[in-house]
file run_10.cif (mmCIF, C-alpha atoms)
data_structure
#
loop_
_atom_site.group_PDB
_atom_site.id
_atom_site.type_symbol
_atom_site.label_atom_id
_atom_site.label_comp_id
_atom_site.auth_asym_id
_atom_site.auth_seq_id
_atom_site.Cartn_x
_atom_site.Cartn_y
_atom_site.Cartn_z
ATOM 1 C CA MET A 1 25.568 -45.137 150.700
ATOM 2 C CA PRO A 2 24.793 -42.668 147.870
ATOM 3 C CA ALA A 3 27.644 -40.565 146.510
ATOM 4 C CA LYS A 4 27.830 -37.075 147.932
ATOM 5 C CA LYS A 5 26.440 -34.543 145.485
ATOM 6 C CA LYS A 6 28.919 -31.870 144.484
ATOM 7 C CA THR A 7 28.022 -28.301 145.464
ATOM 8 C CA GLN A 8 27.048 -26.350 142.397
ATOM 9 C CA LYS A 9 29.329 -23.430 141.613
ATOM 10 C CA LEU A 10 28.302 -20.344 139.657
ATOM 11 C CA LEU A 11 29.680 -18.747 136.507
ATOM 12 C CA GLY A 12 28.328 -15.756 134.652
ATOM 13 C CA VAL A 13 28.857 -12.593 132.668
ATOM 14 C CA ILE A 14 28.435 -9.165 134.236
ATOM 15 C CA GLY A 15 27.638 -5.986 132.368
ATOM 16 C CA TYR A 16 25.146 -3.150 131.993
ATOM 17 C CA PRO A 17 23.039 -3.700 129.952
ATOM 18 C CA ILE A 18 23.390 -7.484 129.709
ATOM 19 C CA SER A 19 20.092 -8.992 128.522
ATOM 20 C CA HIS A 20 21.430 -9.247 124.949
ATOM 21 C CA SER A 21 24.323 -11.547 125.923
ATOM 22 C CA LEU A 22 24.537 -14.899 124.143
ATOM 23 C CA SER A 23 27.277 -16.225 126.417
ATOM 24 C CA PRO A 24 24.849 -18.224 128.627
ATOM 25 C CA VAL A 25 23.624 -20.083 125.529
ATOM 26 C CA PHE A 26 26.945 -21.684 124.634
ATOM 27 C CA GLN A 27 28.513 -21.749 128.098
ATOM 28 C CA ASN A 28 25.604 -23.702 129.577
ATOM 29 C CA ALA A 29 25.725 -26.041 126.572
ATOM 30 C CA ALA A 30 29.385 -26.737 127.411
ATOM 31 C CA ILE A 31 28.560 -27.301 131.081
ATOM 32 C CA LYS A 32 25.795 -29.752 130.172
ATOM 33 C CA LYS A 33 28.002 -31.583 127.666
ATOM 34 C CA LEU A 34 30.704 -32.201 130.273
ATOM 35 C CA GLY A 35 28.261 -32.836 133.123
ATOM 36 C CA LEU A 36 29.840 -30.271 135.439
ATOM 37 C CA PRO A 37 28.233 -29.008 138.678
ATOM 38 C CA LEU A 38 28.098 -25.454 137.329
ATOM 39 C CA SER A 39 25.587 -22.956 135.989
ATOM 40 C CA TYR A 40 26.174 -19.804 133.940
ATOM 41 C CA LYS A 41 23.944 -16.753 133.795
ATOM 42 C CA ALA A 42 23.893 -13.134 132.643
ATOM 43 C CA ILE A 43 24.006 -10.719 135.586
ATOM 44 C CA LYS A 44 23.027 -7.066 135.365
ATOM 45 C CA VAL A 45 25.528 -5.061 137.399
ATOM 46 C CA LYS A 46 25.263 -1.277 137.369
ATOM 47 C CA PRO A 47 28.562 0.646 137.498
ATOM 48 C CA GLN A 48 27.929 1.827 141.073
ATOM 49 C CA ALA A 49 27.336 -1.786 142.179
ATOM 50 C CA LEU A 50 30.484 -3.282 140.629
ATOM 51 C CA GLY A 51 32.650 -3.197 143.747
ATOM 52 C CA ASN A 52 29.957 -4.778 145.889
ATOM 53 C CA PHE A 53 29.401 -7.607 143.378
ATOM 54 C CA VAL A 54 33.118 -8.406 143.233
ATOM 55 C CA ARG A 55 33.465 -8.374 147.019
ATOM 56 C CA LEU A 56 30.571 -10.820 147.460
ATOM 57 C CA ALA A 57 31.377 -13.117 144.498
ATOM 58 C CA PHE A 58 33.436 -15.578 146.560
ATOM 59 C CA GLN A 59 30.773 -15.816 149.279
ATOM 60 C CA LYS A 60 28.111 -16.475 146.648
ATOM 61 C CA LYS A 61 30.026 -19.526 145.370
ATOM 62 C CA TYR A 62 31.238 -18.040 142.083
ATOM 63 C CA LEU A 63 34.040 -19.962 140.403
ATOM 64 C CA GLY A 64 34.517 -17.040 138.038
ATOM 65 C CA PHE A 65 32.774 -14.713 135.633
ATOM 66 C CA ASN A 66 33.124 -12.872 132.359
ATOM 67 C CA VAL A 67 33.187 -9.082 132.232
ATOM 68 C CA THR A 68 31.720 -6.939 129.475
ATOM 69 C CA ILE A 69 30.861 -3.276 128.848
ATOM 70 C CA PRO A 70 31.187 -1.014 130.816
ATOM 71 C CA HIS A 71 33.262 -2.842 133.460
ATOM 72 C CA LYS A 72 36.347 -4.201 131.666
ATOM 73 C CA GLU A 73 38.707 -1.488 132.890
ATOM 74 C CA HIS A 74 36.968 -0.383 136.097
ATOM 75 C CA ILE A 75 37.014 -3.887 137.591
ATOM 76 C CA ILE A 76 40.817 -3.986 137.771
ATOM 77 C CA LYS A 77 40.987 -2.005 141.024
ATOM 78 C CA TYR A 78 38.882 -4.682 142.761
ATOM 79 C CA LEU A 79 41.084 -7.635 141.726
ATOM 80 C CA ASP A 80 44.068 -9.200 143.489
ATOM 81 C CA LEU A 81 46.156 -10.195 140.465
ATOM 82 C CA LEU A 82 46.281 -9.729 136.686
ATOM 83 C CA THR A 83 47.686 -12.123 134.092
ATOM 84 C CA PRO A 84 50.362 -10.711 131.735
ATOM 85 C CA MET A 85 47.796 -10.431 128.918
ATOM 86 C CA ALA A 86 45.353 -8.479 131.082
ATOM 87 C CA LYS A 87 48.186 -6.159 132.172
ATOM 88 C CA LYS A 88 49.162 -5.445 128.561
ATOM 89 C CA MET A 89 45.569 -4.661 127.612
ATOM 90 C CA GLY A 90 44.683 -2.746 130.748
ATOM 91 C CA ALA A 91 41.331 -4.543 130.593
ATOM 92 C CA VAL A 92 39.781 -7.731 131.964
ATOM 93 C CA ASN A 93 37.081 -9.908 130.389
ATOM 94 C CA THR A 94 37.530 -13.002 132.582
ATOM 95 C CA VAL A 95 37.857 -13.310 136.359
ATOM 96 C CA LYS A 96 38.807 -16.535 138.106
ATOM 97 C CA ILE A 97 38.250 -16.957 141.850
ATOM 98 C CA GLU A 98 40.793 -19.171 143.585
ATOM 99 C CA LYS A 99 39.947 -21.454 146.524
ATOM 100 C CA ASN A 100 41.504 -18.916 148.895
ATOM 101 C CA GLY A 101 39.204 -16.185 147.584
ATOM 102 C CA LYS A 102 41.833 -14.386 145.492
ATOM 103 C CA LEU A 103 40.462 -12.881 142.268
ATOM 104 C CA ILE A 104 42.631 -13.113 139.142
ATOM 105 C CA GLY A 105 41.867 -10.952 136.114
ATOM 106 C CA HIS A 106 42.573 -12.347 132.657
ATOM 107 C CA ASN A 107 41.718 -11.288 129.113
ATOM 108 C CA THR A 108 40.773 -13.803 126.413
ATOM 109 C CA ASP A 109 39.326 -11.334 123.877
ATOM 110 C CA GLY A 110 42.376 -10.939 121.642
ATOM 111 C CA LEU A 111 43.537 -14.508 122.165
ATOM 112 C CA GLY A 112 40.055 -15.734 121.262
ATOM 113 C CA TYR A 113 40.055 -13.607 118.146
ATOM 114 C CA LEU A 114 43.357 -15.070 116.947
ATOM 115 C CA GLU A 115 42.251 -18.598 117.833
ATOM 116 C CA SER A 116 39.110 -18.132 115.727
ATOM 117 C CA LEU A 117 41.218 -16.908 112.803
ATOM 118 C CA LYS A 118 43.482 -19.930 113.168
ATOM 119 C CA LYS A 119 40.691 -22.510 113.468
ATOM 120 C CA GLU A 120 38.113 -21.026 111.093
ATOM 121 C CA CYS A 121 40.388 -19.437 108.451
ATOM 122 C CA HIS A 122 43.790 -21.151 108.940
ATOM 123 C CA PHE A 123 45.397 -17.719 109.319
ATOM 124 C CA ASN A 124 48.582 -16.911 111.244
ATOM 125 C CA PRO A 125 49.317 -13.161 111.643
ATOM 126 C CA LYS A 126 53.065 -13.614 112.092
ATOM 127 C CA GLY A 127 54.889 -11.478 109.537
ATOM 128 C CA LYS A 128 51.621 -10.227 108.001
ATOM 129 C CA LEU A 129 50.201 -6.763 107.216
ATOM 130 C CA VAL A 130 46.879 -5.933 108.896
ATOM 131 C CA VAL A 131 44.488 -3.007 108.511
ATOM 132 C CA LEU A 132 42.554 -2.539 111.752
ATOM 133 C CA LEU A 133 39.443 -0.359 111.647
ATOM 134 C CA GLY A 134 38.745 1.221 115.025
ATOM 135 C CA ALA A 135 40.678 2.216 118.147
ATOM 136 C CA GLY A 136 38.299 1.323 120.979
ATOM 137 C CA GLY A 137 38.328 -1.541 123.453
ATOM 138 C CA ALA A 138 37.845 -4.322 120.893
ATOM 139 C CA ALA A 139 40.514 -2.858 118.616
ATOM 140 C CA LYS A 140 42.900 -2.623 121.574
ATOM 141 C CA ALA A 141 42.368 -6.306 122.392
ATOM 142 C CA ILE A 142 42.959 -7.347 118.784
ATOM 143 C CA ALA A 143 45.974 -5.058 118.371
ATOM 144 C CA THR A 144 47.552 -6.501 121.527
ATOM 145 C CA ALA A 145 47.027 -10.037 120.275
ATOM 146 C CA LEU A 146 48.470 -9.139 116.853
ATOM 147 C CA GLY A 147 51.552 -7.596 118.449
ATOM 148 C CA ASN A 148 51.939 -10.599 120.714
ATOM 149 C CA ALA A 149 51.789 -12.849 117.638
ATOM 150 C CA SER A 150 54.624 -10.924 115.876
ATOM 151 C CA CYS A 151 52.512 -9.283 113.184
ATOM 152 C CA LYS A 152 54.783 -7.337 110.802
ATOM 153 C CA LYS A 153 52.719 -4.160 110.377
ATOM 154 C CA VAL A 154 49.372 -2.864 111.657
ATOM 155 C CA LEU A 155 47.632 0.202 110.262
ATOM 156 C CA ILE A 156 45.051 1.537 112.737
ATOM 157 C CA ALA A 157 42.370 3.536 110.941
ATOM 158 C CA ASN A 158 39.809 5.419 113.020
ATOM 159 C CA ARG A 159 37.149 8.132 112.714
ATOM 160 C CA ASN A 160 38.477 10.013 115.762
ATOM 161 C CA LYS A 161 41.837 11.667 115.051
ATOM 162 C CA ASN A 162 43.155 11.261 118.611
ATOM 163 C CA ARG A 163 42.324 7.673 119.588
ATOM 164 C CA ALA A 164 44.312 5.843 116.901
ATOM 165 C CA PRO A 165 47.654 7.596 117.666
ATOM 166 C CA LEU A 166 47.161 6.938 121.383
ATOM 167 C CA LEU A 167 46.558 3.244 120.747
ATOM 168 C CA ALA A 168 49.497 3.035 118.347
ATOM 169 C CA GLN A 169 51.770 4.725 120.903
ATOM 170 C CA GLN A 170 50.823 2.153 123.527
ATOM 171 C CA MET A 171 51.311 -0.732 121.084
ATOM 172 C CA LYS A 172 54.750 0.562 120.017
ATOM 173 C CA LYS A 173 55.795 0.525 123.658
ATOM 174 C CA ASN A 174 54.545 -3.026 124.232
ATOM 175 C CA PHE A 175 55.470 -4.497 120.835
ATOM 176 C CA PRO A 176 58.373 -2.538 119.269
ATOM 177 C CA ARG A 177 59.087 -5.231 116.645
ATOM 178 C CA THR A 178 55.714 -4.642 114.985
ATOM 179 C CA GLN A 179 55.320 -1.519 112.840
ATOM 180 C CA TRP A 180 52.364 0.610 113.940
ATOM 181 C CA GLU A 181 50.847 3.302 111.716
ATOM 182 C CA THR A 182 47.649 5.346 111.896
ATOM 183 C CA CYS A 183 45.318 7.269 109.605
ATOM 184 C CA PHE A 184 41.746 8.506 109.279
ATOM 185 C CA LEU A 185 39.328 5.735 108.427
ATOM 186 C CA LYS A 186 38.307 7.468 105.184
ATOM 187 C CA ASN A 187 41.913 8.123 104.152
ATOM 188 C CA ILE A 188 43.567 4.704 104.188
ATOM 189 C CA PRO A 189 46.506 4.918 101.726
ATOM 190 C CA SER A 190 45.744 3.088 98.470
ATOM 191 C CA SER A 191 49.170 1.427 98.649
ATOM 192 C CA PHE A 192 48.002 -0.618 101.662
ATOM 193 C CA TRP A 193 45.024 -2.281 100.045
ATOM 194 C CA SER A 194 46.821 -4.530 97.583
ATOM 195 C CA LYS A 195 49.311 -5.697 100.242
ATOM 196 C CA THR A 196 46.888 -6.314 103.119
ATOM 197 C CA HIS A 197 46.608 -9.879 104.419
ATOM 198 C CA LEU A 198 43.824 -9.156 106.920
ATOM 199 C CA LEU A 199 41.235 -6.383 107.150
ATOM 200 C CA VAL A 200 39.490 -6.210 110.541
ATOM 201 C CA ASN A 201 36.420 -4.151 111.375
ATOM 202 C CA ALA A 202 36.589 -3.524 115.135
ATOM 203 C CA THR A 203 34.070 -0.672 115.038
ATOM 204 C CA SER A 204 30.283 -0.668 115.404
ATOM 205 C CA MET A 205 29.857 -0.176 111.635
ATOM 206 C CA GLY A 206 27.513 -2.791 110.266
ATOM 207 C CA MET A 207 25.357 -2.991 113.362
ATOM 208 C CA LYS A 208 21.699 -2.059 112.985
ATOM 209 C CA ASN A 209 21.298 1.533 111.726
ATOM 210 C CA ILE A 210 25.068 2.159 111.680
ATOM 211 C CA PRO A 211 26.214 2.546 108.048
ATOM 212 C CA LEU A 212 29.480 1.231 106.662
ATOM 213 C CA VAL A 213 32.068 3.735 105.479
ATOM 214 C CA PRO A 214 32.815 3.142 101.762
ATOM 215 C CA LEU A 215 35.881 0.913 101.433
ATOM 216 C CA PRO A 216 37.564 -0.105 98.141
ATOM 217 C CA LEU A 217 37.422 -3.841 98.852
ATOM 218 C CA GLU A 218 37.843 -4.609 95.155
ATOM 219 C CA THR A 219 41.478 -3.447 95.404
ATOM 220 C CA LEU A 220 42.378 -5.877 98.198
ATOM 221 C CA HIS A 221 44.739 -8.769 97.520
ATOM 222 C CA PRO A 222 42.616 -11.736 96.365
ATOM 223 C CA HIS A 223 43.846 -13.838 99.299
ATOM 224 C CA CYS A 224 43.066 -11.156 101.894
ATOM 225 C CA ILE A 225 40.705 -12.152 104.711
ATOM 226 C CA VAL A 226 37.953 -9.678 105.605
ATOM 227 C CA SER A 227 37.028 -9.973 109.262
ATOM 228 C CA ASP A 228 34.196 -8.327 111.185
ATOM 229 C CA ILE A 229 33.759 -8.569 114.958
ATOM 230 C CA VAL A 230 30.081 -7.559 114.657
ATOM 231 C CA TYR A 231 28.106 -10.806 114.972
ATOM 232 C CA HIS A 232 24.537 -9.551 114.691
ATOM 233 C CA PRO A 233 23.567 -9.764 111.893
ATOM 234 C CA LEU A 234 25.448 -12.981 111.091
ATOM 235 C CA GLN A 235 26.613 -11.528 107.763
ATOM 236 C CA THR A 236 27.223 -7.796 107.987
ATOM 237 C CA SER A 237 27.206 -5.444 105.018
ATOM 238 C CA LEU A 238 31.022 -5.542 105.033
ATOM 239 C CA LEU A 239 31.116 -9.329 104.780
ATOM 240 C CA LYS A 240 28.414 -9.410 102.098
ATOM 241 C CA LYS A 241 30.364 -6.904 100.028
ATOM 242 C CA ALA A 242 33.611 -8.855 100.510
ATOM 243 C CA LYS A 243 31.925 -12.036 99.275
ATOM 244 C CA THR A 244 30.876 -10.324 96.039
ATOM 245 C CA TYR A 245 34.583 -9.838 95.287
ATOM 246 C CA GLY A 246 35.406 -13.450 96.101
ATOM 247 C CA LEU A 247 37.260 -12.597 99.310
ATOM 248 C CA LYS A 248 37.446 -14.972 102.253
ATOM 249 C CA ILE A 249 35.358 -13.765 105.191
ATOM 250 C CA HIS A 250 35.622 -14.192 108.966
ATOM 251 C CA PRO A 251 32.320 -13.501 110.820
ATOM 252 C CA GLY A 252 32.133 -11.900 114.259
ATOM 253 C CA TRP A 253 30.759 -14.945 116.072
ATOM 254 C CA GLY A 254 34.259 -16.448 115.955
ATOM 255 C CA MET A 255 35.698 -13.991 118.462
ATOM 256 C CA LEU A 256 32.670 -14.382 120.753
ATOM 257 C CA LEU A 257 32.867 -18.174 120.687
ATOM 258 C CA TYR A 258 36.601 -18.638 121.121
ATOM 259 C CA GLN A 259 37.078 -16.015 123.830
ATOM 260 C CA GLY A 260 34.314 -17.799 125.724
ATOM 261 C CA ALA A 261 35.892 -21.193 125.129
ATOM 262 C CA LEU A 262 39.220 -19.933 126.492
ATOM 263 C CA SER A 263 37.443 -18.508 129.545
ATOM 264 C CA PHE A 264 35.700 -21.855 130.107
ATOM 265 C CA THR A 265 39.035 -23.705 130.084
ATOM 266 C CA TYR A 266 40.605 -21.083 132.345
ATOM 267 C CA TRP A 267 37.880 -21.606 134.968
ATOM 268 C CA THR A 268 37.480 -25.367 134.769
ATOM 269 C CA ASN A 269 40.898 -26.631 133.586
ATOM 270 C CA LYS A 270 38.991 -28.740 131.051
ATOM 271 C CA LYS A 271 39.080 -28.696 127.275
ATOM 272 C CA SER A 272 36.112 -26.745 125.932
ATOM 273 C CA PRO A 273 33.621 -28.783 123.850
ATOM 274 C CA LEU A 274 33.912 -26.373 120.916
ATOM 275 C CA ALA A 275 31.628 -28.214 118.524
ATOM 276 C CA THR A 276 28.782 -28.128 121.050
ATOM 277 C CA MET A 277 29.392 -24.474 121.910
ATOM 278 C CA LYS A 278 29.538 -23.465 118.252
ATOM 279 C CA LYS A 279 26.361 -25.350 117.347
ATOM 280 C CA ASN A 280 24.350 -23.698 120.112
ATOM 281 C CA LEU A 281 25.727 -20.204 119.478
ATOM 282 C CA LEU A 282 25.014 -20.304 115.737
ATOM 283 C CA ALA A 283 21.511 -21.651 116.367
ATOM 284 C CA ALA A 284 20.813 -18.756 118.748
ATOM 285 C CA LEU A 285 22.208 -16.207 116.277
ATOM 286 C CA LYS A 286 20.097 -17.575 113.422
ATOM 287 C CA THR A 287 16.979 -17.462 115.582
ATOM 288 C CA SER A 288 17.621 -13.853 116.592
ATOM 289 C CA SER A 289 18.514 -12.630 113.085
#
call {"tool": "encode", "arguments": {"input": "run_10.cif", "output": "structure tokens"}}
result
Amino acid sequence: MPAKKKTQKLLGVIGYPISHSLSPVFQNAAIKKLGLPLSYKAIKVKPQALGNFVRLAFQKKYLGFNVTIPHKEHIIKYLDLLTPMAKKMGAVNTVKIEKNGKLIGHNTDGLGYLESLKKECHFNPKGKLVVLLGAGGAAKAIATALGNASCKKVLIANRNKNRAPLLAQQMKKNFPRTQWETCFLKNIPSSFWSKTHLLVNATSMGMKNIPLVPLPLETLHPHCIVSDIVYHPLQTSLLKKAKTYGLKIHPGWGMLLYQGALSFTYWTNKKSPLATMKKNLLAALKTSS
């Protein structure tokens, strides 16, 4: 008697717009590598349709799904539980659906970022000084992960005078042992540059048609890592400039890959085939560059 075929479960990423997402490329590669009865796809969900999608996800055989812009905060009211990390961030990028239909919100963005730093650059933020450019959702995820990892000091530099202090205030409440400071992006104190261990661009600077604010990278400590969460193009203007000064660089694909790998493990309880996921993601990025 032939073995009973397992019912295929669904995974995906929801957002609006969503056609640009590269998550299906490396997630489906992981599924194929492990031979799992799953499929992963990008799903366009308009803001007004979010609640309906979440309510029907269990009926439609979803095991879970990723969440991207503009739903990361709005989805929380439709979920049953949040993990401690999701609670601290006030945002969800990964939803897991239990067998009883309960929806659990998790966030792997910041954890994925730190994991990529650890694996790709051998960097541990504990006790280090970090300059974080930006105060939006990505910066919040990274700041939370840095605080959670006992970073010594984080300077949040932003173009908007109100957002950085608000983020710093929240981080001080959650992580009082880390020192949190703020400033305008164009007015980063010169004293910081020579002591910085990690410079992170968590803004849209470097994306197509968005210029980079002049930064005195030549004054950074020679062992400083320059990190950019922008992954298209593969090497942004910030990373190219950092390389001319002999600085170690950390491209944006790392955060994308590792947050996805953590989501994959969270859904399946299986170790992510990172080498396969990385190979397929980088191939897709090179093709689209």
call {"tool": "residues_around", "arguments": {"input": "run_10.cif", "residues": "A:Pro125", "least_positions_apart": "5", "cutoff": "12 Å", "atoms": "all atoms listed in the file", "output": "list in words"}}
result
Tyr113, Leu114, Glu115, Leu117, Lys118, Val130, Val131, Ile142, Ala143, Ala145, Leu146, Gly147, Asn148, Ala149, Ser150, Cys151, Lys152, Lys153, Val154, Thr178, Thr196, His197, Leu198, Leu199, Cys224 and Ile225 of chain A
call {"tool": "residues_around", "arguments": {"input": "run_10.cif", "residues": "A:Gly246", "least_positions_apart": "4", "cutoff": "12 Å", "atoms": "only C-alpha atoms", "output": "ChimeraX atom specification"}}
result
/A:217-226,239-242
call {"tool": "write_last_selection", "arguments": {"input": "run_10.cif", "atoms": "C-alpha atoms", "output": "tab-separated table (two decimals), in the frame of the given file"}}
result
chain	number	residue	atom	x	y	z
A	217	LEU	CA	37.42	-3.84	98.85
A	218	GLU	CA	37.84	-4.61	95.16
A	219	THR	CA	41.48	-3.45	95.40
A	220	LEU	CA	42.38	-5.88	98.20
A	221	HIS	CA	44.74	-8.77	97.52
A	222	PRO	CA	42.62	-11.74	96.36
A	223	HIS	CA	43.85	-13.84	99.30
A	224	CYS	CA	43.07	-11.16	101.89
A	225	ILE	CA	40.70	-12.15	104.71
A	226	VAL	CA	37.95	-9.68	105.60
A	239	LEU	CA	31.12	-9.33	104.78
A	240	LYS	CA	28.41	-9.41	102.10
A	241	LYS	CA	30.36	-6.90	100.03
A	242	ALA	CA	33.61	-8.86	100.51
call {"tool": "resolve_selection", "arguments": {"input": "run_10.cif", "expression": "the PyMOL selection byres ((chain A and resi 238) around 10)", "output": "list in words"}}
result
Asn201, Met205, Gly206, Pro211, Leu212, Val213, Pro214, Leu215, Leu217, Val226, Ser227, Asp228, Val230, Gln235, Thr236, Ser237, Leu239, Lys240, Lys241, Ala242, Lys243, Ile249 and Pro251 of chain A
call {"tool": "residues_around", "arguments": {"input": "run_10.cif", "residues": "stretch 181-185 of chain A", "least_positions_apart": "6", "cutoff": "10 Å", "atoms": "only C-alpha atoms", "output": "ChimeraX atom specification"}}
result
/A:131-135,153-169,172,213-215
call {"tool": "write_last_selection", "arguments": {"input": "run_10.cif", "atoms": "C-alpha atoms", "output": "short mmCIF file (atom, residue, chain, number, x, y, z; two decimals), in the coordinates of the input"}}
result
data_model
loop_
_atom_site.label_atom_id
_atom_site.label_comp_id
_atom_site.auth_asym_id
_atom_site.auth_seq_id
_atom_site.Cartn_x
_atom_site.Cartn_y
_atom_site.Cartn_z
CA VAL A 131 44.49 -3.01 108.51
CA LEU A 132 42.55 -2.54 111.75
CA LEU A 133 39.44 -0.36 111.65
CA GLY A 134 38.74 1.22 115.02
CA ALA A 135 40.68 2.22 118.15
CA LYS A 153 52.72 -4.16 110.38
CA VAL A 154 49.37 -2.86 111.66
CA LEU A 155 47.63 0.20 110.26
CA ILE A 156 45.05 1.54 112.74
CA ALA A 157 42.37 3.54 110.94
CA ASN A 158 39.81 5.42 113.02
CA ARG A 159 37.15 8.13 112.71
CA ASN A 160 38.48 10.01 115.76
CA LYS A 161 41.84 11.67 115.05
CA ASN A 162 43.16 11.26 118.61
CA ARG A 163 42.32 7.67 119.59
CA ALA A 164 44.31 5.84 116.90
CA PRO A 165 47.65 7.60 117.67
CA LEU A 166 47.16 6.94 121.38
CA LEU A 167 46.56 3.24 120.75
CA ALA A 168 49.50 3.04 118.35
CA GLN A 169 51.77 4.72 120.90
CA LYS A 172 54.75 0.56 120.02
CA VAL A 213 32.07 3.74 105.48
CA PRO A 214 32.82 3.14 101.76
CA LEU A 215 35.88 0.91 101.43
#
call {"tool": "closest_residue", "arguments": {"input": "run_10.cif", "among": "A:Gln259, A:Thr276, A:Ser19, A:Gln59", "to": "A:Lys99", "atoms": "all atoms listed in the file"}}
result
A:Gln59
call {"tool": "resolve_selection", "arguments": {"input": "run_10.cif", "expression": "the PyMOL selection byres ((chain A and resi 284) around 12)", "output": "ChimeraX atom specification"}}
result
/A:20-26,29,231-234,253,277-283,285-289
